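A.B. asks: Contents of model-v3.pdb (PDB, C-alpha atoms and all ligand atoms):
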```
MODEL        1
ATOM      1  CA  MET A  19     -16.277  54.783  29.057
ATOM      2  CA  ASN A  20     -16.942  52.636  26.001
ATOM      3  CA  ILE A  21     -18.358  49.135  26.379
ATOM      4  CA  ALA A  22     -18.907  46.838  23.411
ATOM      5  CA  VAL A  23     -22.149  44.891  23.881
ATOM      6  CA  SER A  24     -23.928  42.116  22.010
ATOM      7  CA  ALA A  25     -26.509  44.149  20.102
ATOM      8  CA  CYS A  26     -29.413  41.891  21.154
ATOM      9  CA  LEU A  27     -28.776  42.863  24.819
ATOM     10  CA  LEU A  28     -29.289  46.494  23.865
ATOM     11  CA  GLY A  29     -32.749  45.644  22.544
ATOM     12  CA  GLU A  30     -31.773  45.502  18.871
ATOM     13  CA  LYS A  31     -33.817  42.938  16.943
ATOM     14  CA  VAL A  32     -30.866  41.019  15.552
ATOM     15  CA  ARG A  33     -31.438  37.494  16.859
ATOM     16  CA  PHE A  34     -31.977  34.590  14.465
ATOM     17  CA  ASP A  35     -35.746  34.797  15.068
ATOM     18  CA  GLY A  36     -35.890  38.583  14.653
ATOM     19  CA  GLY A  37     -36.151  39.157  18.415
ATOM     20  CA  HIS A  38     -33.891  40.692  21.052
ATOM     21  CA  LYS A  39     -32.768  39.943  24.636
ATOM     22  CA  HIS A  40     -32.880  43.414  26.143
ATOM     23  CA  ASP A  41     -30.902  43.525  29.409
ATOM     24  CA  ARG A  42     -32.101  46.282  31.742
ATOM     25  CA  PHE A  43     -29.035  46.270  33.993
ATOM     26  CA  VAL A  44     -26.821  46.964  30.986
ATOM     27  CA  THR A  45     -28.932  49.672  29.377
ATOM     28  CA  ASP A  46     -30.575  51.321  32.405
ATOM     29  CA  GLU A  47     -27.796  51.042  35.025
ATOM     30  CA  LEU A  48     -24.449  50.815  33.229
ATOM     31  CA  GLY A  49     -25.877  52.964  30.441
ATOM     32  CA  LYS A  50     -25.785  55.990  32.784
ATOM     33  CA  TYR A  51     -21.988  55.827  32.796
ATOM     34  CA  ALA A  52     -21.058  54.202  29.482
ATOM     35  CA  SER A  53     -21.420  54.579  25.745
ATOM     36  CA  PHE A  54     -22.213  51.328  24.017
ATOM     37  CA  VAL A  55     -20.622  49.896  20.890
ATOM     38  CA  PRO A  56     -23.056  47.249  19.598
ATOM     39  CA  PHE A  57     -21.933  44.222  17.599
ATOM     40  CA  CYS A  58     -23.655  41.225  16.046
ATOM     41  CA  PRO A  59     -21.450  39.011  13.890
ATOM     42  CA  GLU A  60     -24.287  36.640  12.941
ATOM     43  CA  ALA A  61     -26.590  39.377  11.636
ATOM     44  CA  ILE A  62     -23.749  40.629   9.446
ATOM     45  CA  ALA A  63     -22.853  37.154   8.223
ATOM     46  CA  PHE A  64     -26.338  35.730   7.654
ATOM     47  CA  GLY A  65     -28.902  38.555   7.955
ATOM     48  CA  THR A  66     -31.984  38.660  10.239
ATOM     49  CA  PRO A  67     -34.083  36.555  10.545
ATOM     50  CA  ARG A  68     -31.884  33.559   9.696
ATOM     51  CA  PRO A  69     -31.772  29.815  10.334
ATOM     52  CA  SER A  70     -30.242  29.052  13.733
ATOM     53  CA  ILE A  71     -26.725  27.630  13.971
ATOM     54  CA  LYS A  72     -24.863  25.364  16.390
ATOM     55  CA  LEU A  73     -21.276  24.562  17.281
ATOM     56  CA  VAL A  74     -20.084  21.049  16.518
ATOM     57  CA  ASN A  75     -16.915  19.534  17.956
ATOM     58  CA  ARG A  76     -15.080  17.777  15.114
ATOM     59  CA  ASP A  77     -11.627  16.329  15.863
ATOM     60  CA  ASP A  78     -11.082  18.986  18.555
ATOM     61  CA  ASN A  79     -11.969  21.781  16.130
ATOM     62  CA  ILE A  80     -15.187  23.719  16.507
ATOM     63  CA  ALA A  81     -17.315  23.940  13.358
ATOM     64  CA  VAL A  82     -20.317  26.229  12.870
ATOM     65  CA  VAL A  83     -23.170  24.264  11.358
ATOM     66  CA  SER A  84     -26.592  25.336  10.088
ATOM     67  CA  ASN A  85     -29.491  23.758  11.983
ATOM     68  CA  LYS A  86     -31.536  23.996   8.792
ATOM     69  CA  ASP A  87     -29.487  22.019   6.268
ATOM     70  CA  GLY A  88     -26.285  20.988   8.113
ATOM     71  CA  SER A  89     -24.072  23.183   5.916
ATOM     72  CA  ASN A  90     -20.702  24.271   7.313
ATOM     73  CA  LEU A  91     -20.789  28.033   7.963
ATOM     74  CA  THR A  92     -17.536  28.279   9.926
ATOM     75  CA  GLN A  93     -15.517  30.374   7.493
ATOM     76  CA  LYS A  94     -18.300  32.834   6.782
ATOM     77  CA  LEU A  95     -18.920  33.496  10.485
ATOM     78  CA  LEU A  96     -15.180  33.746  11.191
ATOM     79  CA  ASP A  97     -14.684  36.287   8.373
ATOM     80  CA  LYS A  98     -17.530  38.493   9.607
ATOM     81  CA  SER A  99     -16.429  38.121  13.225
ATOM     82  CA  TYR A 100     -12.969  39.444  12.337
ATOM     83  CA  GLU A 101     -14.615  42.357  10.494
ATOM     84  CA  GLU A 102     -16.711  43.193  13.558
ATOM     85  CA  ILE A 103     -13.726  42.963  15.876
ATOM     86  CA  HIS A 104     -11.658  45.327  13.733
ATOM     87  CA  ARG A 105     -14.550  47.789  13.791
ATOM     88  CA  ILE A 106     -15.072  47.715  17.564
ATOM     89  CA  ALA A 107     -11.306  47.798  18.220
ATOM     90  CA  ASP A 108     -11.267  51.360  16.817
ATOM     91  CA  GLU A 109     -13.449  52.538  19.705
ATOM     92  CA  LYS A 110     -10.998  52.522  22.659
ATOM     93  CA  LEU A 111     -12.982  49.944  24.568
ATOM     94  CA  ASP A 112     -13.047  49.597  28.350
ATOM     95  CA  GLY A 113     -14.919  46.290  28.324
ATOM     96  CA  ILE A 114     -17.175  43.860  26.484
ATOM     97  CA  ILE A 115     -20.495  42.303  27.555
ATOM     98  CA  PHE A 116     -21.627  39.223  25.645
ATOM     99  CA  LYS A 117     -24.948  37.433  25.349
ATOM    100  CA  SER A 118     -24.606  34.108  27.136
ATOM    101  CA  ARG A 119     -25.088  30.673  25.539
ATOM    102  CA  SER A 120     -24.885  31.960  21.960
ATOM    103  CA  PRO A 121     -22.730  30.078  19.389
ATOM    104  CA  SER A 122     -21.068  33.436  18.656
ATOM    105  CA  CYS A 123     -21.267  35.363  21.938
ATOM    106  CA  GLY A 124     -21.335  32.713  24.696
ATOM    107  CA  PHE A 125     -18.510  33.467  27.137
ATOM    108  CA  GLY A 126     -17.639  29.883  28.039
ATOM    109  CA  SER A 127     -21.350  29.014  27.954
ATOM    110  CA  ALA A 128     -21.900  28.123  24.269
ATOM    111  CA  LYS A 129     -22.915  24.489  23.843
ATOM    112  CA  ALA A 130     -20.784  22.355  21.558
ATOM    113  CA  TYR A 131     -22.429  19.230  20.115
ATOM    114  CA  LEU A 132     -21.176  15.995  18.644
ATOM    115  CA  ASP A 133     -22.045  15.171  15.034
ATOM    116  CA  ASN A 134     -24.615  12.691  16.336
ATOM    117  CA  GLY A 135     -26.523  15.585  17.942
ATOM    118  CA  PHE A 136     -25.581  14.899  21.565
ATOM    119  CA  ALA A 137     -24.370  17.824  23.667
ATOM    120  CA  ASP A 138     -20.620  17.483  24.238
ATOM    121  CA  SER A 139     -19.254  20.418  26.265
ATOM    122  CA  LYS A 140     -19.473  24.124  26.941
ATOM    123  CA  THR A 141     -17.101  26.448  25.177
ATOM    124  CA  ASP A 142     -16.549  30.006  23.951
ATOM    125  CA  GLY A 143     -18.584  31.260  21.034
ATOM    126  CA  VAL A 144     -16.751  32.026  17.798
ATOM    127  CA  PHE A 145     -16.709  35.790  18.356
ATOM    128  CA  VAL A 146     -15.637  35.419  22.006
ATOM    129  CA  SER A 147     -12.643  33.209  21.111
ATOM    130  CA  ILE A 148     -11.312  35.914  18.811
ATOM    131  CA  CYS A 149     -12.006  38.670  21.361
ATOM    132  CA  ARG A 150     -10.020  36.800  24.029
ATOM    133  CA  GLU A 151      -7.052  36.639  21.655
ATOM    134  CA  LYS A 152      -7.331  40.221  20.453
ATOM    135  CA  PHE A 153      -8.048  41.878  23.852
ATOM    136  CA  PRO A 154      -6.394  39.666  26.493
ATOM    137  CA  LEU A 155      -6.588  42.228  29.335
ATOM    138  CA  LEU A 156      -9.924  43.851  28.546
ATOM    139  CA  PRO A 157     -12.726  43.316  31.117
ATOM    140  CA  MET A 158     -15.194  40.834  29.591
ATOM    141  CA  GLU A 159     -18.306  39.160  30.951
ATOM    142  CA  GLU A 160     -21.544  37.691  29.699
ATOM    143  CA  GLU A 161     -24.995  38.782  30.754
ATOM    144  CA  GLY A 162     -25.899  35.397  32.289
ATOM    145  CA  ARG A 163     -22.956  35.517  34.723
ATOM    146  CA  LEU A 164     -23.760  39.141  35.545
ATOM    147  CA  GLN A 165     -26.929  37.913  37.294
ATOM    148  CA  ASP A 166     -24.565  36.722  40.046
ATOM    149  CA  ALA A 167     -24.088  39.645  42.476
ATOM    150  CA  TRP A 168     -20.433  38.740  43.198
ATOM    151  CA  LEU A 169     -19.444  38.471  39.531
ATOM    152  CA  ARG A 170     -21.369  41.648  38.742
ATOM    153  CA  GLU A 171     -19.608  43.618  41.484
ATOM    154  CA  ASN A 172     -16.199  42.320  40.423
ATOM    155  CA  PHE A 173     -16.831  43.088  36.775
ATOM    156  CA  VAL A 174     -18.093  46.625  37.384
ATOM    157  CA  MET A 175     -15.138  47.314  39.686
ATOM    158  CA  GLN A 176     -12.795  46.042  36.972
ATOM    159  CA  LEU A 177     -14.483  48.199  34.310
ATOM    160  CA  PHE A 178     -14.074  51.415  36.277
ATOM    161  CA  ALA A 179     -10.497  50.592  37.320
ATOM    162  CA  TYR A 180      -9.617  49.773  33.703
ATOM    163  CA  ASP A 181     -11.140  53.059  32.569
ATOM    164  CA  SER A 182      -9.131  54.913  35.238
ATOM    165  CA  ILE A 183      -5.758  53.626  34.036
ATOM    166  CA  GLU A 184      -6.700  54.262  30.412
ATOM    167  CA  LYS A 185      -7.552  57.855  31.318
ATOM    168  CA  LEU A 186      -4.297  58.193  33.250
ATOM    169  CA  LYS A 187      -2.366  56.920  30.212
ATOM    170  CA  GLU A 188      -4.143  59.365  27.902
ATOM    171  CA  SER A 189      -3.194  62.260  30.195
ATOM    172  CA  ARG A 190       0.517  61.430  29.665
ATOM    173  CA  PRO A 191       1.194  61.426  33.414
ATOM    174  CA  SER A 192       4.370  62.396  35.252
ATOM    175  CA  MET A 193       6.078  59.937  37.592
ATOM    176  CA  LYS A 194       4.513  61.736  40.530
ATOM    177  CA  GLU A 195       1.036  61.343  39.032
ATOM    178  CA  LEU A 196       1.630  57.615  38.549
ATOM    179  CA  VAL A 197       2.781  57.289  42.181
ATOM    180  CA  ASP A 198      -0.363  59.195  43.294
ATOM    181  CA  PHE A 199      -2.516  56.862  41.182
ATOM    182  CA  HIS A 200      -0.876  53.823  42.758
ATOM    183  CA  THR A 201      -1.319  55.271  46.239
ATOM    184  CA  ARG A 202      -5.039  55.918  45.663
ATOM    185  CA  ASN A 203      -5.496  52.338  44.468
ATOM    186  CA  LYS A 204      -3.512  50.713  47.266
ATOM    187  CA  PHE A 205      -6.408  49.076  49.091
ATOM    188  CA  LEU A 206      -8.301  48.142  45.943
ATOM    189  CA  LEU A 207      -5.211  46.349  44.627
ATOM    190  CA  GLN A 208      -4.618  44.628  47.961
ATOM    191  CA  ALA A 209      -8.196  43.375  47.903
ATOM    192  CA  LYS A 210      -7.579  41.938  44.441
ATOM    193  CA  ASP A 211      -4.101  40.465  44.647
ATOM    194  CA  GLU A 212      -1.619  41.155  47.439
ATOM    195  CA  LYS A 213       1.328  39.785  45.442
ATOM    196  CA  LEU A 214       0.627  41.928  42.384
ATOM    197  CA  TYR A 215       0.045  44.909  44.657
ATOM    198  CA  ARG A 216       3.644  44.496  45.879
ATOM    199  CA  VAL A 217       4.913  43.993  42.303
ATOM    200  CA  LEU A 218       3.217  47.267  41.324
ATOM    201  CA  GLY A 219       4.767  49.029  44.338
ATOM    202  CA  ASN A 220       8.202  47.856  43.198
ATOM    203  CA  ILE A 221       7.533  49.066  39.669
ATOM    204  CA  VAL A 222       6.733  52.612  40.824
ATOM    205  CA  GLY A 223       9.838  52.405  43.062
ATOM    206  CA  ASN A 224      11.807  52.080  39.779
ATOM    207  CA  HIS A 225      14.808  50.341  41.306
ATOM    208  CA  GLU A 226      15.948  49.321  37.810
ATOM    209  CA  ASN A 227      16.013  52.890  36.475
ATOM    210  CA  LEU A 228      13.764  52.115  33.521
ATOM    211  CA  SER A 229      12.614  54.860  31.157
ATOM    212  CA  PHE A 230       9.187  56.199  32.159
ATOM    213  CA  ASP A 231       7.521  54.716  29.054
ATOM    214  CA  GLU A 232       8.897  51.252  29.829
ATOM    215  CA  LEU A 233       7.972  51.578  33.481
ATOM    216  CA  PHE A 234       4.434  52.750  32.693
ATOM    217  CA  ALA A 235       3.843  49.895  30.213
ATOM    218  CA  ASN A 236       4.979  47.425  32.880
ATOM    219  CA  TYR A 237       2.754  49.068  35.501
ATOM    220  CA  GLU A 238      -0.250  49.165  33.165
ATOM    221  CA  HIS A 239       0.060  45.473  32.311
ATOM    222  CA  ASN A 240       0.318  44.341  35.937
ATOM    223  CA  PHE A 241      -2.440  46.726  37.056
ATOM    224  CA  LYS A 242      -4.801  45.301  34.433
ATOM    225  CA  VAL A 243      -3.964  41.744  35.476
ATOM    226  CA  ALA A 244      -4.498  42.611  39.160
ATOM    227  CA  ILE A 245      -7.926  44.177  38.607
ATOM    228  CA  SER A 246      -9.059  41.136  36.638
ATOM    229  CA  GLN A 247      -8.757  38.987  39.815
ATOM    230  CA  LYS A 248     -11.876  38.325  41.829
ATOM    231  CA  SER A 249     -12.058  39.712  45.350
ATOM    232  CA  SER A 250     -12.726  37.486  48.353
ATOM    233  CA  ILE A 251     -14.193  38.005  51.818
ATOM    234  CA  LYS A 252     -10.811  37.106  53.334
ATOM    235  CA  ARG A 253      -8.886  39.719  51.337
ATOM    236  CA  ASN A 254     -11.604  42.347  51.807
ATOM    237  CA  ARG A 255     -11.526  41.684  55.525
ATOM    238  CA  ASN A 256      -7.752  42.247  55.651
ATOM    239  CA  VAL A 257      -8.190  45.551  53.844
ATOM    240  CA  LEU A 258     -10.992  46.633  56.191
ATOM    241  CA  GLU A 259      -8.799  45.798  59.218
ATOM    242  CA  HIS A 260      -5.938  47.833  57.725
ATOM    243  CA  MET A 261      -8.269  50.771  57.177
ATOM    244  CA  ALA A 262      -9.676  50.502  60.704
ATOM    245  CA  GLY A 263      -6.082  50.680  62.002
ATOM    246  CA  PHE A 264      -5.889  54.311  60.823
ATOM    247  CA  PHE A 265      -8.168  55.352  63.719
ATOM    248  CA  LYS A 266      -6.544  53.390  66.510
ATOM    249  CA  ASN A 267      -5.622  56.584  68.391
ATOM    250  CA  GLU A 268      -8.868  58.434  67.724
ATOM    251  CA  LEU A 269     -11.622  55.948  68.516
ATOM    252  CA  SER A 270     -12.892  55.082  71.971
ATOM    253  CA  SER A 271     -12.781  51.411  72.918
ATOM    254  CA  VAL A 272     -16.547  51.166  72.338
ATOM    255  CA  GLU A 273     -16.220  52.648  68.841
ATOM    256  CA  LYS A 274     -13.295  50.340  68.008
ATOM    257  CA  GLU A 275     -15.216  47.325  69.278
ATOM    258  CA  SER A 276     -18.255  48.274  67.243
ATOM    259  CA  LEU A 277     -16.222  48.750  64.037
ATOM    260  CA  HIS A 278     -14.467  45.384  64.512
ATOM    261  CA  GLU A 279     -17.834  43.760  65.149
ATOM    262  CA  GLN A 280     -19.081  45.128  61.828
ATOM    263  CA  ILE A 281     -16.002  43.742  60.066
ATOM    264  CA  ASP A 282     -16.508  40.352  61.764
ATOM    265  CA  ASP A 283     -20.182  40.389  60.811
ATOM    266  CA  TYR A 284     -19.165  41.076  57.219
ATOM    267  CA  ALA A 285     -16.731  38.134  57.308
ATOM    268  CA  LYS A 286     -19.556  35.926  58.657
ATOM    269  CA  LYS A 287     -21.902  37.149  55.891
ATOM    270  CA  ILE A 288     -24.286  38.737  58.395
ATOM    271  CA  VAL A 289     -23.959  42.248  56.916
ATOM    272  CA  PRO A 290     -22.839  43.387  53.438
ATOM    273  CA  ILE A 291     -19.480  45.101  52.956
ATOM    274  CA  ILE A 292     -21.164  48.490  52.651
ATOM    275  CA  THR A 293     -21.813  48.402  56.441
ATOM    276  CA  PRO A 294     -18.199  48.494  57.735
ATOM    277  CA  LEU A 295     -17.160  50.612  54.731
ATOM    278  CA  SER A 296     -19.715  53.308  55.569
ATOM    279  CA  THR A 297     -18.440  53.442  59.153
ATOM    280  CA  ILE A 298     -14.829  53.683  57.970
ATOM    281  CA  LYS A 299     -15.811  56.451  55.574
ATOM    282  CA  LEU A 300     -17.603  58.303  58.357
ATOM    283  CA  TYR A 301     -14.516  58.182  60.618
ATOM    284  CA  ALA A 302     -12.234  59.098  57.712
ATOM    285  CA  LYS A 303     -14.334  62.227  57.192
ATOM    286  CA  LYS A 304     -14.610  62.984  60.900
ATOM    287  CA  TYR A 305     -10.859  62.739  61.474
ATOM    288  CA  ASN A 306      -9.982  64.138  58.040
ATOM    289  CA  THR A 307      -7.925  61.073  57.116
ATOM    290  CA  SER A 308      -7.184  62.256  53.583
ATOM    291  CA  TYR A 309      -5.136  59.141  52.724
ATOM    292  CA  LEU A 310      -8.198  56.945  53.308
ATOM    293  CA  LEU A 311     -10.677  59.349  51.745
ATOM    294  CA  ALA A 312      -8.657  59.228  48.511
ATOM    295  CA  GLN A 313      -8.770  55.399  48.347
ATOM    296  CA  THR A 314     -10.670  54.066  45.333
ATOM    297  CA  PHE A 315     -11.613  51.015  47.433
ATOM    298  CA  LEU A 316     -14.091  53.212  49.341
ATOM    299  CA  GLU A 317     -15.963  54.027  46.142
ATOM    300  CA  PRO A 318     -14.603  52.082  43.147
ATOM    301  CA  TYR A 319     -17.623  53.013  41.002
ATOM    302  CA  PRO A 320     -20.624  55.358  41.389
ATOM    303  CA  LYS A 321     -22.387  54.451  44.638
ATOM    304  CA  GLU A 322     -25.785  54.686  42.913
ATOM    305  CA  LEU A 323     -25.039  51.288  41.359
ATOM    306  CA  ALA A 324     -25.439  49.954  44.938
ATOM    307  CA  LEU A 325     -23.596  46.718  44.181
ATOM    308  CA  ARG A 326     -22.083  46.381  47.643
ATOM    309  CA  SER A 327     -25.420  46.437  49.464
ATOM    310  CA  SER A 328     -26.075  42.749  48.939
ATOM    311  CA  LEU A 329     -24.768  39.892  51.107
ATOM    312  CA  LEU A 330     -24.355  37.970  47.852
ATOM    313  CA  SER A 331     -21.832  40.449  46.449
ATOM    314  CA  SER A 332     -19.033  38.871  48.524
ATOM    315  CA  LYS A 333     -17.644  35.334  48.450
TER     316      LYS A 333
HETATM  317  S1  LIG A 401     -25.989  36.655  20.735
HETATM  318 FE1  LIG A 401     -24.469  37.717  19.499
HETATM  319  S2  LIG A 401     -24.687  36.885  17.443
HETATM  320 FE2  LIG A 401     -26.529  36.305  18.587
HETATM  321  S3  LIG A 401     -28.013  37.918  18.155
HETATM  322 FE3  LIG A 401     -26.964  38.521  20.019
HETATM  323  S4  LIG A 401     -25.269  39.796  19.290
HETATM  324 FE4  LIG A 401     -26.019  38.661  17.521
ENDMDL
END
```
Let's see the structure in the file written out as structure tokens.
Ligand code: SF4
C.D. replies:
Amino acid sequence: MNIAVSACLLGEKVRFDGGHKHDRFVTDELGKYASFVPFCPEAIAFGTPRPSIKLVNRDDNIAVVSNKDGSNLTQKLLDKSYEEIHRIADEKLDGIIFKSRSPSCGFGSAKAYLDNGFADSKTDGVFVSICREKFPLLPMEEEGRLQDAWLRENFVMQLFAYDSIEKLKESRPSMKELVDFHTRNKFLLQAKDEKLYRVLGNIVGNHENLSFDELFANYEHNFKVAISQKSSIKRNRNVLEHMAGFFKNELSSVEKESLHEQIDDYAKKIVPIITPLSTIKLYAKKYNTSYLLAQTFLEPYPKELALRSSLLSSK
């Protein structure tokens, strides 16, 4: 998969002071599964090193101002940001990771000041605002928020799910292949958004006799919206209970009790979600429950990323 990343997070010395902000999770963990498309609108606009800049809120418009001489650099940064976005848009992106708190790359975390120098609010950086407009359904996060285990797990899950539907689209699937895709994603979608899961089920039911292209575009849009939702302990618990129900005739009462205890312990934040999931996977293998084994919810991304092993990865 292709992920566009603020170049400074990849260790490139493009910051205003000639430094970088190398992020090991991005390069060493995600880097095993992704190709990176670096970008740095400020280095292109102003070179490196360069005087630092800040965002200033003027009559509800954000201006980009030089910290050195107060000059207005808004248009120059906007022009170069559009150039960068056109370049990265050619790369079939599956997601974008921004550097937090930057006037260009802050994803809701860039500080905006008043003309008198006081901090006013937090906002999107210039480059981020344009990315949100240009790629409304693309997974996007900033490195600061990715320190949070829950946001990290949700983002990585979204990245891999986004990549999966892009790959399906590229393969020019048949209706049957789309139905299979939906079936494999049933529990993942339920954990994200029960309502959209039902909408997607109706779309593949094709009660309106749409052409396949129309139907697929509709499915793709709703799928991408669904996977952008954050999971919750409550929804995950419902999914785990559904999955456990597949073994109601096979398990002894002790085994059932133990599995439900694990699910309860997960809901109480005593054990991470990987605990009941591993047990469900074990029983799915033991009783050859192919429907469950095919579910992306069991392994939505490579298990080596180990993002579900932390109590903090669920909220
Ligand atoms: S935060 Fe963005 S603009 Fe600033 S150095 Fe990093 S990539 Fe460049």
A.B. asks: Return as a list in words every polymer residue, whether protein, DNA or RNA, with at least one atom no more than 7 Å from an atom of ligand LIG 401 (chain A); count only C-alpha atoms and all ligand atoms.
C.D. replies: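 Answer in the requested format: Ser24, Ala25, Cys26, Leu27, Val32, Arg33, Phe34, Phe57, Cys58, Pro59, Glu60, Ala61, Phe116, Lys117, Ser120, Ser122 and Cys123 of chain A.
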A.B. asks: Counting all atoms listed in the file, which residue out of A:Val74, A:Leu233, A:Ile291, A:Val217 sits closest to Ala137 in chain A?
C.D. replies: A:Val74
A.B. asks: Just want the 12 Å neighbourhood of Glu238 in chain A, counted on only C-alpha atoms, with same-chain residues fewer than 3 positions away dropped. Output as JSON, numbers by chain.
C.D. replies: {"A": [155, 156, 179, 180, 181, 182, 183, 184, 185, 186, 187, 196, 199, 200, 214, 217, 218, 221, 222, 230, 231, 232, 233, 234, 235, 241, 242, 243, 244, 245]}
A.B. asks: Quick one: residues within 12 Å of Pro121 in chain A, all atoms listed in the file, excluding same-chain residues fewer than 6 positions away - as a PyMOL selection string?
C.D. replies: chain A and resi 33-34+58-60+70-74+80-85+91-92+95-96+99+127-131+140-147
A.B. asks: I need the residue nearest Leu164 in chain A from this list: A:Ile251, A:Arg42, A:Lys50, A:Lys110. Use all atoms listed in the file for the distance.
C.D. replies: A:Arg42
A.B. asks: One decimal, in Å: what's the spacing between CA of Met261 in chain A and CA of Tyr237 in chain A?
C.D. replies: 24.4 Å
A.B. asks: Let me make sure I understand: among A:Lys252, A:Lys321, A:Lys266, A:Arg119, which one has the smallest atom-to-atom distance to Glu47 in chain A if we use only C-alpha atoms?
C.D. replies: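 Checking each of A:Lys252, A:Lys321, A:Lys266, A:Arg119 against Glu47 in chain A, counting only C-alpha atoms, the winner is A:Lys321.
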A.B. asks: Work out how far apart CA of Leu258 in chain A and CA of Leu169 in chain A are and give it in Å to one decimal.
C.D. replies: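 Computed distance, CA of Leu258 in chain A to CA of Leu169 in chain A, equals 20.4 Å.
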A.B. asks: Taking (-11.5, 62.2, 60.5) in the file's coordinates as the center, which residues reach within 12 Å of it, counting only C-alpha atoms, put as a PDB file with C-alpha atoms, in the coordinates of the input?
C.D. replies:
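Writing done, so here's result_20.pdb:
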```pdb
ATOM      1  CA  ALA A 262      -9.676  50.502  60.704  1.00  0.00           C
ATOM      2  CA  PHE A 264      -5.889  54.311  60.823  1.00  0.00           C
ATOM      3  CA  PHE A 265      -8.168  55.352  63.719  1.00  0.00           C
ATOM      4  CA  LYS A 266      -6.544  53.390  66.510  1.00  0.00           C
ATOM      5  CA  ASN A 267      -5.622  56.584  68.391  1.00  0.00           C
ATOM      6  CA  GLU A 268      -8.868  58.434  67.724  1.00  0.00           C
ATOM      7  CA  LEU A 269     -11.622  55.948  68.516  1.00  0.00           C
ATOM      8  CA  THR A 297     -18.440  53.442  59.153  1.00  0.00           C
ATOM      9  CA  ILE A 298     -14.829  53.683  57.970  1.00  0.00           C
ATOM     10  CA  LYS A 299     -15.811  56.451  55.574  1.00  0.00           C
ATOM     11  CA  LEU A 300     -17.603  58.303  58.357  1.00  0.00           C
ATOM     12  CA  TYR A 301     -14.516  58.182  60.618  1.00  0.00           C
ATOM     13  CA  ALA A 302     -12.234  59.098  57.712  1.00  0.00           C
ATOM     14  CA  LYS A 303     -14.334  62.227  57.192  1.00  0.00           C
ATOM     15  CA  LYS A 304     -14.610  62.984  60.900  1.00  0.00           C
ATOM     16  CA  TYR A 305     -10.859  62.739  61.474  1.00  0.00           C
ATOM     17  CA  ASN A 306      -9.982  64.138  58.040  1.00  0.00           C
ATOM     18  CA  THR A 307      -7.925  61.073  57.116  1.00  0.00           C
ATOM     19  CA  SER A 308      -7.184  62.256  53.583  1.00  0.00           C
ATOM     20  CA  TYR A 309      -5.136  59.141  52.724  1.00  0.00           C
ATOM     21  CA  LEU A 310      -8.198  56.945  53.308  1.00  0.00           C
ATOM     22  CA  LEU A 311     -10.677  59.349  51.745  1.00  0.00           C
TER      23      LEU A 311
END
```
A.B. asks: Name the closest residue to Phe125 in chain A among the candidates A:Glu151, A:Glu102, A:His278, A:Glu161; distances are taken between atoms, counting all atoms listed in the file.
C.D. replies: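 Ranked by minimum distance to Phe125 in chain A, first place goes to A:Glu161.
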A.B. asks: Mind giving me the straight-line distance from CA of Leu323 in chain A to CA of His260 in chain A in Å, one decimal?
C.D. replies: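 Computed distance, CA of Leu323 in chain A to CA of His260 in chain A, equals 25.4 Å.
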A.B. asks: Compare A:Met193, A:Ile292, A:Leu28, A:Ile281 by their minimum atom-to-atom distance to Glu259 in chain A, counting only C-alpha atoms, and give me the closest one.
C.D. replies: A:Ile281
A.B. asks: With distances taken over only C-alpha atoms, which residue among A:Asn20, A:Asn172, A:Ser246, A:Ser229 lies nearest Leu48 in chain A?
C.D. replies: A:Asn20
A.B. asks: To test your reading of the syntax: which residues would the PyMOL selection byres (((chain A and resi 317) around 12) and not hetatm) return for the file shown? Reply as a PyMOL selection string.
C.D. replies: chain A and resi 171+174-175+178-179+202-203+205-206+291-292+295-296+298-299+310-316+318-326
A.B. asks: Using the chain letters and numbering of this document, enumerate as number ranges by chain the residues selected by the PyMOL selection byres (((chain A and resi 333) around 10) and not hetatm).
C.D. replies: A: 167-169, 248-252, 254, 285, 287, 329-332
A.B. asks: Around all the atoms of range 253-272 of chain A listed in the file, draw an axis-aligned box and extend it by 8 Å on each of the six sides; I want its centre and edge lengths in Å to one decimal, as JSON.
C.D. replies:
```
{"center_x": -11.1, "center_y": 49.1, "center_z": 62.1, "size_x": 26.9, "size_y": 34.7, "size_z": 37.6}
```
A.B. asks: Near Val23 in chain A, within 6 Å and counting only C-alpha atoms, which residues show up once chain neighbours fewer than 4 positions away are dropped, as a ChimeraX atom specification?
C.D. replies: /A:56,114-116
